Every structure is written in structure tokens, then in C-alpha cells.
>>> print(open('structure25.txt').read())   # compact mmCIF, C-alpha atoms
# COMPACT_ATOMS: atom_id res chain seq x y z
CA MET K 552 12.51 33.60 -8.74
CA THR K 553 10.20 34.68 -11.52
CA GLU K 554 8.54 38.04 -11.24
CA ASP K 555 5.13 36.50 -11.70
CA VAL K 556 4.54 32.84 -10.99
CA GLN K 557 1.30 32.99 -12.96
CA GLU K 558 3.34 33.47 -16.15
CA PRO K 559 6.16 30.95 -15.95
CA ASN K 560 8.83 31.05 -18.61
CA GLY K 561 10.27 28.06 -20.43
CA GLN K 562 13.41 27.78 -18.30
CA ASP K 563 11.48 27.66 -15.03
CA ASP K 564 9.05 25.14 -16.45
CA ALA K 565 11.95 22.86 -17.39
CA ARG K 566 13.50 23.23 -13.93
CA HIS K 567 10.12 22.53 -12.32
CA ALA K 568 9.56 19.45 -14.48
CA GLU K 569 13.00 18.09 -13.59
CA LYS K 570 12.47 18.70 -9.86
CA MET K 571 9.04 17.09 -9.92
CA ALA K 572 10.33 14.12 -11.97
CA LYS K 573 12.93 13.50 -9.25
CA LYS K 574 10.26 13.84 -6.56
CA LYS K 575 8.02 11.39 -8.40
CA ALA K 576 10.87 8.87 -8.81
CA ALA K 577 11.69 9.10 -5.10
CA ARG K 578 8.04 8.74 -4.16
CA ASP K 579 7.46 5.81 -6.53
CA LYS K 580 10.50 4.05 -5.04
CA ILE K 581 9.19 4.50 -1.52
CA MET K 582 5.68 3.43 -2.48
CA SER K 583 6.97 0.27 -4.19
CA THR K 584 8.14 -0.96 -0.77
CA LYS K 585 4.66 -0.44 0.71
CA THR K 586 2.96 -3.59 -0.42
CA GLY K 587 1.53 -4.99 2.80
CA GLU K 588 -2.12 -5.01 3.73
CA LYS K 589 -3.55 -5.51 7.18
CA GLY K 590 -6.45 -4.52 9.29
CA LEU K 591 -5.33 -1.40 11.09
CA ILE K 592 -5.92 -0.19 14.61
CA ILE K 593 -6.61 3.49 13.98
CA VAL K 594 -6.86 6.09 16.75
CA HIS K 595 -8.19 9.65 16.43
CA THR K 596 -7.56 11.68 19.55
CA GLY K 597 -6.78 15.22 20.71
CA LYS K 598 -8.86 18.22 21.69
CA GLY K 599 -9.53 19.41 18.15
CA LYS K 600 -12.45 18.80 15.82
CA GLY K 601 -12.70 16.02 13.30
CA LYS K 602 -12.03 12.88 15.34
CA SER K 603 -15.47 11.37 14.83
CA THR K 604 -16.03 13.16 11.55
CA ALA K 605 -12.92 11.63 9.98
CA GLY K 606 -13.95 8.25 11.43
CA PHE K 607 -17.30 8.55 9.69
CA GLY K 608 -15.46 9.68 6.54
CA MET K 609 -13.71 6.28 6.44
CA ILE K 610 -17.04 4.55 7.03
CA PHE K 611 -18.40 6.42 3.99
CA ARG K 612 -15.36 5.25 2.01
CA HIS K 613 -16.23 1.71 2.99
CA ILE K 614 -19.84 2.27 1.99
CA ALA K 615 -18.69 3.72 -1.35
CA HIS K 616 -16.72 0.52 -2.04
CA GLU K 617 -19.58 -1.62 -0.69
CA MET K 618 -17.32 -3.07 2.02
CA PRO K 619 -19.29 -4.26 5.07
CA CYS K 620 -18.76 -2.08 8.11
CA ALA K 621 -20.31 -1.06 11.42
CA VAL K 622 -20.47 1.82 13.87
CA VAL K 623 -20.86 1.61 17.64
CA GLN K 624 -21.41 4.96 19.35
CA PHE K 625 -20.27 4.76 22.95
CA ILE K 626 -21.13 8.12 24.39
CA LYS K 627 -22.60 10.91 22.46
CA GLY K 628 -25.73 9.25 21.20
CA ALA K 629 -27.32 12.62 20.73
CA MET K 630 -24.64 13.78 18.31
CA GLU K 631 -23.76 12.64 14.81
CA THR K 632 -27.46 12.27 14.07
CA GLY K 633 -26.81 13.40 10.53
CA GLU K 634 -24.51 10.51 9.72
CA ARG K 635 -26.74 8.02 11.49
CA ASP K 636 -29.86 9.11 9.64
CA LEU K 637 -28.07 9.07 6.30
CA ILE K 638 -26.59 5.61 6.85
CA GLU K 639 -29.79 4.11 8.22
CA LYS K 640 -31.86 5.56 5.39
CA HIS K 641 -29.62 4.64 2.46
CA PHE K 642 -26.93 2.18 3.45
CA SER K 643 -28.22 -0.05 6.23
CA ASP K 644 -27.41 -3.09 4.08
CA ILE K 645 -23.68 -2.19 4.10
CA CYS K 646 -23.25 -0.50 7.47
CA GLU K 647 -24.71 -1.58 10.80
CA PHE K 648 -25.29 1.27 13.22
CA HIS K 649 -25.54 0.86 17.00
CA THR K 650 -26.02 3.88 19.21
CA MET K 651 -25.48 2.75 22.78
CA GLY K 652 -24.51 5.98 24.53
CA GLU K 653 -27.15 8.32 25.89
CA GLY K 654 -25.37 11.64 25.67
CA PHE K 655 -22.29 12.80 27.48
CA THR K 656 -21.91 11.39 30.95
CA TRP K 657 -22.60 14.75 32.57
CA GLU K 658 -25.99 14.68 30.87
CA THR K 659 -27.08 11.47 32.58
CA GLN K 660 -25.44 11.90 36.03
CA ASP K 661 -25.99 8.22 36.64
CA ARG K 662 -22.73 6.33 36.79
CA ALA K 663 -24.22 2.87 37.19
CA ARG K 664 -26.26 3.34 34.04
CA ASP K 665 -23.28 4.81 32.18
CA ILE K 666 -21.17 1.78 33.09
CA ALA K 667 -23.88 -0.63 31.99
CA THR K 668 -24.27 1.27 28.71
CA ALA K 669 -20.52 1.30 28.04
CA GLN K 670 -20.21 -2.40 28.83
CA SER K 671 -23.08 -3.22 26.56
CA ALA K 672 -21.54 -1.14 23.75
CA TRP K 673 -18.22 -2.92 24.24
CA ALA K 674 -19.92 -6.34 24.09
CA LYS K 675 -21.55 -5.32 20.80
CA ALA K 676 -18.22 -4.00 19.49
CA LYS K 677 -16.47 -7.29 20.28
CA GLU K 678 -19.23 -9.29 18.63
CA LEU K 679 -19.04 -7.19 15.43
CA ILE K 680 -15.24 -7.30 15.23
CA ALA K 681 -14.89 -10.99 16.08
CA SER K 682 -17.60 -11.96 13.56
CA GLY K 683 -15.07 -11.61 10.76
CA GLU K 684 -17.82 -10.13 8.60
CA LYS K 685 -16.83 -6.48 8.87
CA SER K 686 -14.01 -4.77 7.02
CA MET K 687 -14.17 -1.81 9.44
CA VAL K 688 -15.74 -1.17 12.84
CA LEU K 689 -15.83 2.40 14.16
CA LEU K 690 -15.90 2.61 17.97
CA ASP K 691 -16.98 6.22 18.27
CA GLU K 692 -15.98 7.96 21.53
CA ILE K 693 -14.81 4.73 23.14
CA ASN K 694 -11.79 6.65 24.51
CA ILE K 695 -14.12 8.55 26.83
CA ALA K 696 -15.60 5.32 28.19
CA ILE K 697 -12.06 4.00 28.75
CA ARG K 698 -10.99 7.25 30.36
CA TYR K 699 -13.84 7.00 32.90
CA ASP K 700 -12.89 3.35 33.56
CA TYR K 701 -16.29 2.21 32.31
CA ILE K 702 -14.36 -0.25 30.14
CA ALA K 703 -11.02 -1.68 31.28
CA ILE K 704 -8.16 -0.69 28.96
CA ALA K 705 -6.54 -4.09 29.55
CA ASP K 706 -9.64 -5.82 28.13
CA VAL K 707 -9.59 -3.61 25.05
CA ILE K 708 -5.89 -4.22 24.39
CA ALA K 709 -6.15 -7.97 24.96
CA PHE K 710 -9.15 -8.26 22.67
CA LEU K 711 -7.61 -6.21 19.84
CA GLN K 712 -4.35 -8.13 20.03
CA THR K 713 -5.75 -11.64 20.20
CA GLU K 714 -9.26 -11.68 18.75
CA LYS K 715 -9.38 -9.01 16.05
CA PRO K 716 -9.39 -10.71 12.64
CA PRO K 717 -6.17 -9.74 10.78
CA MET K 718 -7.95 -7.86 7.98
CA CYS K 719 -10.48 -5.95 10.09
CA HIS K 720 -9.84 -2.23 10.60
CA VAL K 721 -10.89 -0.88 13.99
CA VAL K 722 -11.17 2.89 14.48
CA LEU K 723 -11.22 4.22 18.06
CA THR K 724 -12.05 7.88 18.60
CA GLY K 725 -12.22 10.34 21.47
CA ARG K 726 -10.04 12.63 23.54
CA ASN K 727 -7.36 11.37 25.88
CA ALA K 728 -6.63 8.08 24.13
CA HIS K 729 -4.93 5.77 26.62
CA ASP K 730 -1.15 5.43 26.20
CA ASP K 731 -1.42 1.63 26.00
CA LEU K 732 -3.85 1.98 23.09
CA ILE K 733 -1.54 4.39 21.26
CA GLU K 734 1.28 1.93 21.85
CA ILE K 735 -0.46 -0.93 19.99
CA ALA K 736 -2.14 1.23 17.30
CA ASP K 737 -0.95 1.34 13.69
CA LEU K 738 -2.18 4.81 12.79
CA VAL K 739 -2.63 7.57 15.34
CA THR K 740 -3.70 11.11 14.58
CA GLU K 741 -4.03 13.87 17.13
CA MET K 742 -6.52 16.54 16.17
CA GLU K 743 -5.17 19.71 17.72
CA LEU K 744 -7.39 22.68 18.39
CA ILE K 745 -5.88 25.83 16.94
CA LYS K 746 -8.94 28.05 16.86
CA HIS K 747 -12.59 27.45 17.75
CA PRO K 748 -15.65 29.60 16.98
CA PHE K 749 -17.23 28.90 20.40
CA ARG K 750 -14.80 31.52 21.67
CA SER K 751 -16.64 34.08 19.55
CA GLY K 752 -20.09 33.03 20.82
CA ILE K 753 -20.99 30.87 17.83
CA LYS K 754 -23.06 27.80 18.63
CA GLY K 755 -22.78 24.33 17.12
CA GLN K 756 -24.40 24.46 13.73
CA LYS K 757 -26.28 21.93 11.63
CA GLY K 758 -24.11 20.39 8.95
CA VAL K 759 -20.93 21.40 10.75
CA GLU K 760 -21.16 19.98 14.28
CA PHE K 761 -23.92 17.43 13.77
CA MET C 1070 -11.07 4.78 45.12
CA THR C 1071 -13.33 1.75 44.79
CA GLU C 1072 -11.71 -1.62 44.42
CA ASP C 1073 -13.75 -2.34 41.33
CA VAL C 1074 -15.21 0.49 39.28
CA GLN C 1075 -17.56 -1.98 37.59
CA GLU C 1076 -19.44 -2.34 40.90
CA PRO C 1077 -19.88 1.18 42.17
CA ASN C 1078 -21.36 1.61 45.62
CA GLY C 1079 -24.07 4.06 46.55
CA GLN C 1080 -21.76 6.68 48.05
CA ASP C 1081 -19.60 6.89 44.93
CA ASP C 1082 -22.65 7.04 42.74
CA ALA C 1083 -23.97 9.98 44.73
CA ARG C 1084 -20.61 11.77 44.54
CA HIS C 1085 -20.46 11.08 40.81
CA ALA C 1086 -23.99 12.38 40.26
CA GLU C 1087 -23.20 15.55 42.16
CA LYS C 1088 -19.96 16.14 40.25
CA MET C 1089 -21.65 15.54 36.93
CA ALA C 1090 -24.61 17.76 37.86
CA LYS C 1091 -22.14 20.60 38.53
CA LYS C 1092 -20.38 19.89 35.25
CA LYS C 1093 -23.69 19.92 33.40
CA ALA C 1094 -24.73 23.21 35.02
CA ALA C 1095 -21.40 24.80 34.07
CA ARG C 1096 -21.64 23.48 30.55
CA ASP C 1097 -25.27 24.55 30.11
CA LYS C 1098 -24.32 28.04 31.28
CA ILE C 1099 -21.48 28.27 28.77
CA MET C 1100 -23.64 26.88 25.96
CA SER C 1101 -26.43 29.37 26.67
CA THR C 1102 -24.04 32.17 25.63
CA LYS C 1103 -23.32 30.45 22.30
CA THR C 1104 -26.28 31.57 20.30
CA GLY C 1105 -24.74 33.05 17.17
CA GLU C 1106 -24.80 31.46 13.76
CA LYS C 1107 -22.56 32.32 10.85
CA GLY C 1108 -20.95 30.76 7.86
CA LEU C 1109 -17.56 29.62 9.11
CA ILE C 1110 -14.17 29.64 7.47
CA ILE C 1111 -12.86 26.23 8.51
CA VAL C 1112 -9.27 25.07 7.98
CA HIS C 1113 -7.93 21.52 8.31
CA THR C 1114 -4.15 21.43 8.14
CA GLY C 1115 -1.14 19.54 9.53
CA LYS C 1116 0.81 16.46 8.45
CA GLY C 1117 -1.61 13.94 9.93
CA LYS C 1118 -4.45 12.01 8.37
CA GLY C 1119 -8.07 13.10 8.30
CA LYS C 1120 -7.93 16.61 6.83
CA SER C 1121 -9.89 15.75 3.69
CA THR C 1122 -11.75 12.89 5.36
CA ALA C 1123 -13.16 15.17 8.06
CA GLY C 1124 -14.01 17.73 5.36
CA PHE C 1125 -16.00 15.09 3.50
CA GLY C 1126 -17.57 14.09 6.82
CA MET C 1127 -19.09 17.58 7.09
CA ILE C 1128 -20.24 17.36 3.49
CA PHE C 1129 -22.03 14.11 4.41
CA ARG C 1130 -23.63 15.91 7.38
CA HIS C 1131 -24.89 18.52 4.95
CA ILE C 1132 -26.20 15.81 2.65
CA ALA C 1133 -27.91 14.13 5.62
CA HIS C 1134 -29.75 17.38 6.39
CA GLU C 1135 -30.40 17.98 2.67
CA MET C 1136 -28.47 21.26 2.80
CA PRO C 1137 -27.04 22.20 -0.63
CA CYS C 1138 -23.26 21.91 -0.78
CA ALA C 1139 -20.36 21.49 -3.17
CA VAL C 1140 -16.85 20.07 -3.38
CA VAL C 1141 -13.97 21.37 -5.48
CA GLN C 1142 -10.92 19.11 -5.49
CA PHE C 1143 -7.82 21.17 -6.27
CA ILE C 1144 -5.04 18.66 -6.42
CA LYS C 1145 -5.44 15.02 -5.78
CA GLY C 1146 -8.03 14.17 -8.38
CA ALA C 1147 -6.98 10.56 -8.28
CA MET C 1148 -7.75 10.22 -4.58
CA GLU C 1149 -11.04 10.32 -2.66
CA THR C 1150 -12.64 8.39 -5.49
CA GLY C 1151 -14.80 6.61 -2.94
CA GLU C 1152 -16.49 9.76 -1.71
CA ARG C 1153 -16.85 11.13 -5.23
CA ASP C 1154 -18.47 7.96 -6.57
CA LEU C 1155 -20.84 7.75 -3.60
CA ILE C 1156 -21.90 11.40 -3.87
CA GLU C 1157 -22.28 11.33 -7.64
CA LYS C 1158 -24.26 8.12 -7.53
CA HIS C 1159 -26.66 8.95 -4.71
CA PHE C 1160 -26.59 12.63 -3.83
CA SER C 1161 -25.77 14.64 -6.95
CA ASP C 1162 -28.97 16.64 -6.41
CA ILE C 1163 -27.69 17.95 -3.05
CA CYS C 1164 -23.92 18.08 -3.60
CA GLU C 1165 -22.09 19.33 -6.70
CA PHE C 1166 -18.72 17.69 -7.22
CA HIS C 1167 -15.91 19.22 -9.27
CA THR C 1168 -12.59 17.45 -9.58
CA MET C 1169 -10.16 19.87 -11.16
CA GLY C 1170 -6.77 18.54 -10.04
CA GLU C 1171 -5.03 15.79 -11.96
CA GLY C 1172 -3.05 14.16 -9.19
CA PHE C 1173 -0.25 15.58 -7.10
CA THR C 1174 1.91 18.07 -8.88
CA TRP C 1175 4.85 15.69 -8.99
CA GLU C 1176 2.69 13.32 -10.98
CA THR C 1177 2.14 15.81 -13.81
CA GLN C 1178 5.54 17.57 -13.89
CA ASP C 1179 3.95 20.33 -15.92
CA ARG C 1180 3.79 23.56 -13.98
CA ALA C 1181 1.98 25.58 -16.62
CA ARG C 1182 -0.81 23.00 -16.69
CA ASP C 1183 -0.91 22.80 -12.88
CA ILE C 1184 -1.31 26.57 -12.65
CA ALA C 1185 -4.08 26.58 -15.23
CA THR C 1186 -5.84 23.75 -13.38
CA ALA C 1187 -5.56 25.49 -10.01
CA GLN C 1188 -6.81 28.79 -11.43
CA SER C 1189 -9.73 27.05 -13.05
CA ALA C 1190 -10.59 25.28 -9.77
CA TRP C 1191 -10.40 28.60 -7.92
CA ALA C 1192 -12.72 30.25 -10.47
CA LYS C 1193 -15.23 27.43 -9.94
CA ALA C 1194 -14.87 27.73 -6.16
CA LYS C 1195 -15.59 31.48 -6.26
CA GLU C 1196 -18.61 30.93 -8.49
CA LEU C 1197 -20.06 28.29 -6.14
CA ILE C 1198 -19.47 30.33 -2.99
CA ALA C 1199 -20.67 33.64 -4.42
CA SER C 1200 -23.82 32.04 -5.84
CA GLY C 1201 -25.38 32.11 -2.39
CA GLU C 1202 -26.97 28.75 -3.13
CA LYS C 1203 -24.58 26.59 -1.12
CA SER C 1204 -24.57 26.11 2.63
CA MET C 1205 -21.05 24.63 2.47
CA VAL C 1206 -18.27 24.52 -0.11
CA LEU C 1207 -15.30 22.20 0.49
CA LEU C 1208 -12.09 23.35 -1.22
CA ASP C 1209 -10.15 20.13 -0.93
CA GLU C 1210 -6.34 20.48 -0.95
CA ILE C 1211 -6.50 24.16 -1.88
CA ASN C 1212 -3.70 24.79 0.64
CA ILE C 1213 -1.28 22.91 -1.61
CA ALA C 1214 -2.22 25.08 -4.60
CA ILE C 1215 -1.70 28.19 -2.45
CA ARG C 1216 1.60 26.84 -1.13
CA TYR C 1217 2.93 26.41 -4.69
CA ASP C 1218 1.74 29.96 -5.54
CA TYR C 1219 -0.65 28.57 -8.14
CA ILE C 1220 -3.31 30.70 -6.47
CA ALA C 1221 -2.42 33.99 -4.76
CA ILE C 1222 -3.17 33.93 -1.04
CA ALA C 1223 -4.14 37.61 -1.20
CA ASP C 1224 -6.89 36.79 -3.70
CA VAL C 1225 -8.23 34.01 -1.48
CA ILE C 1226 -8.30 36.22 1.62
CA ALA C 1227 -9.87 39.17 -0.19
CA PHE C 1228 -12.56 36.97 -1.72
CA LEU C 1229 -13.45 35.21 1.55
CA GLN C 1230 -13.61 38.49 3.45
CA THR C 1231 -15.64 40.49 0.96
CA GLU C 1232 -17.63 38.13 -1.26
CA LYS C 1233 -18.45 35.05 0.82
CA PRO C 1234 -22.15 35.14 1.74
CA PRO C 1235 -22.43 35.45 5.55
CA MET C 1236 -24.12 32.07 6.04
CA CYS C 1237 -21.92 30.00 3.70
CA HIS C 1238 -19.38 27.67 5.33
CA VAL C 1239 -16.11 27.29 3.43
CA VAL C 1240 -13.77 24.43 4.33
CA LEU C 1241 -10.14 24.66 3.15
CA THR C 1242 -7.92 21.60 3.54
CA GLY C 1243 -4.30 20.64 2.99
CA ARG C 1244 -0.92 20.79 4.68
CA ASN C 1245 0.90 24.02 5.36
CA ALA C 1246 -2.12 26.30 5.54
CA HIS C 1247 -0.95 29.87 4.98
CA ASP C 1248 -0.65 32.02 8.13
CA ASP C 1249 -2.89 34.70 6.63
CA LEU C 1250 -5.62 32.10 6.11
CA ILE C 1251 -5.33 30.83 9.68
CA GLU C 1252 -5.54 34.43 10.83
CA ILE C 1253 -8.97 35.03 9.21
CA ALA C 1254 -10.38 31.52 9.85
CA ASP C 1255 -13.03 30.77 12.49
CA LEU C 1256 -12.19 27.12 13.14
CA VAL C 1257 -8.72 25.69 12.61
CA THR C 1258 -7.69 22.12 13.34
CA GLU C 1259 -4.21 20.75 12.93
CA MET C 1260 -4.10 17.04 12.27
CA GLU C 1261 -0.87 15.87 13.80
CA LEU C 1262 0.80 12.65 12.75
CA ILE C 1263 1.62 10.51 15.77
CA LYS C 1264 2.08 7.15 14.09
CA HIS C 1265 1.70 5.99 10.48
CA PRO C 1266 1.55 2.44 9.10
CA PHE C 1267 3.62 3.36 5.99
CA ARG C 1268 6.59 3.08 8.32
CA SER C 1269 5.82 -0.62 8.71
CA GLY C 1270 5.54 -1.23 4.96
CA ILE C 1271 1.74 -1.07 4.81
CA LYS C 1272 0.32 0.46 1.65
CA GLY C 1273 -2.69 2.76 1.31
CA GLN C 1274 -5.77 0.56 1.58
CA LYS C 1275 -9.23 0.74 0.04
CA GLY C 1276 -11.79 2.13 2.48
CA VAL C 1277 -9.08 3.70 4.63
CA GLU C 1278 -7.01 5.93 2.35
CA PHE C 1279 -9.37 6.21 -0.61
>>> encode(input="structure25.txt", output="C-alpha cells")
Amino acid sequence: MTEDVQEPNGQDDARHAEKMAKKKAARDKIMSTKTGEKGLIIVHTGKGKGKSTAGFGMIFRHIAHEMPCAVVQFIKGAMETGERDLIEKHFSDICEFHTMGEGFTWETQDRARDIATAQSAWAKAKELIASGEKSMVLLDEINIAIRYDYIAIADVIAFLQTEKPPMCHVVLTGRNAHDDLIEIADLVTEMELIKHPFRSGIKGQKGVEF
Amino acid sequence: MTEDVQEPNGQDDARHAEKMAKKKAARDKIMSTKTGEKGLIIVHTGKGKGKSTAGFGMIFRHIAHEMPCAVVQFIKGAMETGERDLIEKHFSDICEFHTMGEGFTWETQDRARDIATAQSAWAKAKELIASGEKSMVLLDEINIAIRYDYIAIADVIAFLQTEKPPMCHVVLTGRNAHDDLIEIADLVTEMELIKHPFRSGIKGQKGVEF
């Protein structure tokens, strides 16, 4: 170990370069086997933050590359207003935005309406995916609608497996992703809550939470 | 249980409404105690996807609300080109973008240069945060620079605790976040890898990974 890593000496630099060259060679070898492309089924779940936010991050990547995409918001229509406003104002030609949900289900207290809303959002989602015109469709908070049985998991699985165009990416977010969905997904990330400022009495803030 | 949740009957609807009304009352009560606002220290760590993507998602929320913000990329300068291009093209008046890293450290194999780059990125980060002009500063992949000792964790902690303006949010991303950073952070999310398509030979794809 050097006494001060800020002032590396020549010997350490050489050792570092050799180690990193090996790492690069190993990585390049691995990457050379990763040549496939396909439309992925991507799931963001868990109790932590960032499930929807990272979903929208991929939508912004699509927008940056001018790849056609769409968002269907299943539940929390009142949230993510920032992203919606930004997309509708600047990028409505690249990204379609459909907000079907009317707030969390405990806000409406009307199960019949919630079911109708979820079913209508799912119909729109299927239409967008099956159209073959979208490179990515974000189904924001669909896991909550599935969890409440507002949409049948079997329908979702069957549709994704048989009618999703091969190159279309579908991103499904929300807590408590169904096991059957995780089973057929290509990329699953669980956002785990380690620490949350609500515990210290801090409210949701503009630019962070919405 | 109803035989078909798609066709709820009146009794179930009433029970659902009552349950949800209780849930809403409980939630409203909790939320009414969350009145504080402060600039948060936010950490995204873990081996899963979405750490940087969710960080950029919050930057886009800031942009949507026209709140001044900035990004400093510490390591993977070659990645996130989508976000950078989009921000520089459309929103450079709201969001400053500084890419200091030159790819992962095993790409450069030059430790002295990596240290200089990391130190320069950290100097820029401190300047942006201390200016008091930014509502959010995203320090993308700084955890990797800390992990390699290119930036001293003690400096980062001391700066955030004594010189960060109270209302400025600072987001620090990257694997292996240092324990001392997690200790002082307000909001910490660990992105956990459940399933990754690299294992099936799928390469990083435009609009998903970059």
C-alpha cells in the first residue's frame, strides 16, 4: 500500500496498469459474446425509490435517440407530473403519454371505477405494444393493478409472450411484481429501501418525488 | 372471495370502499406530519440497474419544473450519452452538464490520470454545490471514484456536512457506496440485481443501457 494514494509512484502505476489491462481484456472477451439484440421485458419492483424514475430515465434515453416510445400510467395519475409535462411540451412527437390512473386506489375508494380504469389502461397498453411502432412502452405502476387483480396476470403473461413484437421493450413498474412476471422477464431490478427521509418528517419535494 | 373480480358485487364494493377510506385516513394522517423540506443527500447504490438512470430521472423532474440543476459524471464518460445529448441540446439553460470521466478505469489503465480526473470532477462538484445556485447536483458514479480512493471519503463527508447549502439536493450514484456516506445520507436506495439479460448473451442496447 502506498502511504498516499493521491501521489502514486511509478511502480504502483505500472502494477495498476497491468491489473486494469487484464480486467479490460477479460471484460472485452465477455462483451464480445454479448451480440444479441431483443426487445426486453424489464421489471422494476421493490419498496425503494426509483422504480418509475428509472423507467422514465429509459424513456428519456429513447427520446434522446429519437426512438418512438410510449408511457401508460396505470395508477398514480397525480404523480410524475413533471415528466408528463416535459414530454408533452417538448417531445410529444416521439413519446405518446397516456395517464389512465386517477391516483392511488385508496384515493378513489371506488373499486368498480378502479377496475374499469385499469382495464382501459391495459387495452391501451396492448394496442401500443402490438402496433409494432414503438421501441419501448413503459407500463408505469401496472404491478399495483395486477396485485389488486384489476388486471389478470395470466392475460399479461400470455400477451407479452405471444403478441409483443420481438424488438419492442416493455417496462413494468411497481411494488410486489407477480412471480410469474419475474419468471418471464429478461431484466429485473429490485429497488430496496435502505433509508427514507419521511422517517425524519420530510415531505415529498418538487424535483425529487414528482 | 368473488368468483370474478372483474364483476364486483355491491357488498364487496362497499367493503372495499370502507377499507380504502380507512387506508386513506391513515395515510393522510401520516402525510400531515411530513411538512419539512430540506436539501437531501440521496444515494443510489447496489449491483442492479437504474442507479444512474433514476438519478437522471430526478434531473429531468428538475428540468420539468425549471429548477436549476447540474450533472457531474465522474467515471463513465462514454455512457449516458443519450441523456447528455438531450440535456445539452434542449435544456442547457436549466441544467449544466460536466463529463469529467473518460470511461471506466480499466479502459484507461492510467491511474495517475484517473486520479487527476476524479479530483478535477470533485472540484467542479464542490463549486456547483457551494454556489447556492443549484437545486440539485447529480454526482454520477462518484462512488466508484471514492471506492478506488481517487477521492477521500472524509473530504466528501466533511464537505456535504458543512458546505452544502441547506436546500440543495445532492445525488451520489454508483456501486459500493461507502458506509460513512450511507450513514449521513437522507435517502438511500439499493438497486438489487435479480435477473440480467447479459446472462442470455444480449448486449447493451440503445435506449435501454445508453
>>> atom_distance(input="structure25.txt", atom1="CA of Arg1244 (chain C)", atom2="CA of Ala1194 (chain C)")
19.0 Å
>>> atom_distance(input="structure25.txt", atom1="CA of Ile1198 (chain C)", atom2="CA of Arg1182 (chain C)")
24.3 Å
>>> residues_near_point(input="structure25.txt", point="(-9.5, 24.5, -15.4)", cutoff="12 Å", atoms="all atoms listed in the file", output="ChimeraX atom specification")
/C:1141-1144,1167-1171,1181-1194
>>> closest_residue(input="structure25.txt", among="C:Ser1200, C:Ser1121, C:Thr1242, C:Ser1161", to="chain K", atoms="only C-alpha atoms")
C:Ser1121
>>> residues_around(input="structure25.txt", residues="Thr1231 (chain C)", least_positions_apart="3", cutoff="12 Å", atoms="only C-alpha atoms", output="PyMOL selection string")
chain C and resi 1195+1198-1199+1224-1228+1234-1235+1253
>>> closest_residue(input="structure25.txt", among="C:Arg1130, C:Lys1116, C:Lys1088, C:Lys1203", to="chain K", atoms="all atoms listed in the file")
C:Arg1130
>>> atom_distance(input="structure25.txt", atom1="CA of Gly1201 (chain C)", atom2="CA of Gly1108 (chain C)")
11.2 Å
>>> residues_around(input="structure25.txt", residues="Lys602 (chain K)", least_positions_apart="6", cutoff="8 Å", atoms="all atoms listed in the file", output="ChimeraX atom specification")
/K:595-596,724-725,742 /C:1123
>>> closest_residue(input="structure25.txt", among="K:Arg698, K:His747, K:Lys600, K:His641", to="Ala615 (chain K)", atoms="all atoms listed in the file")
K:His641
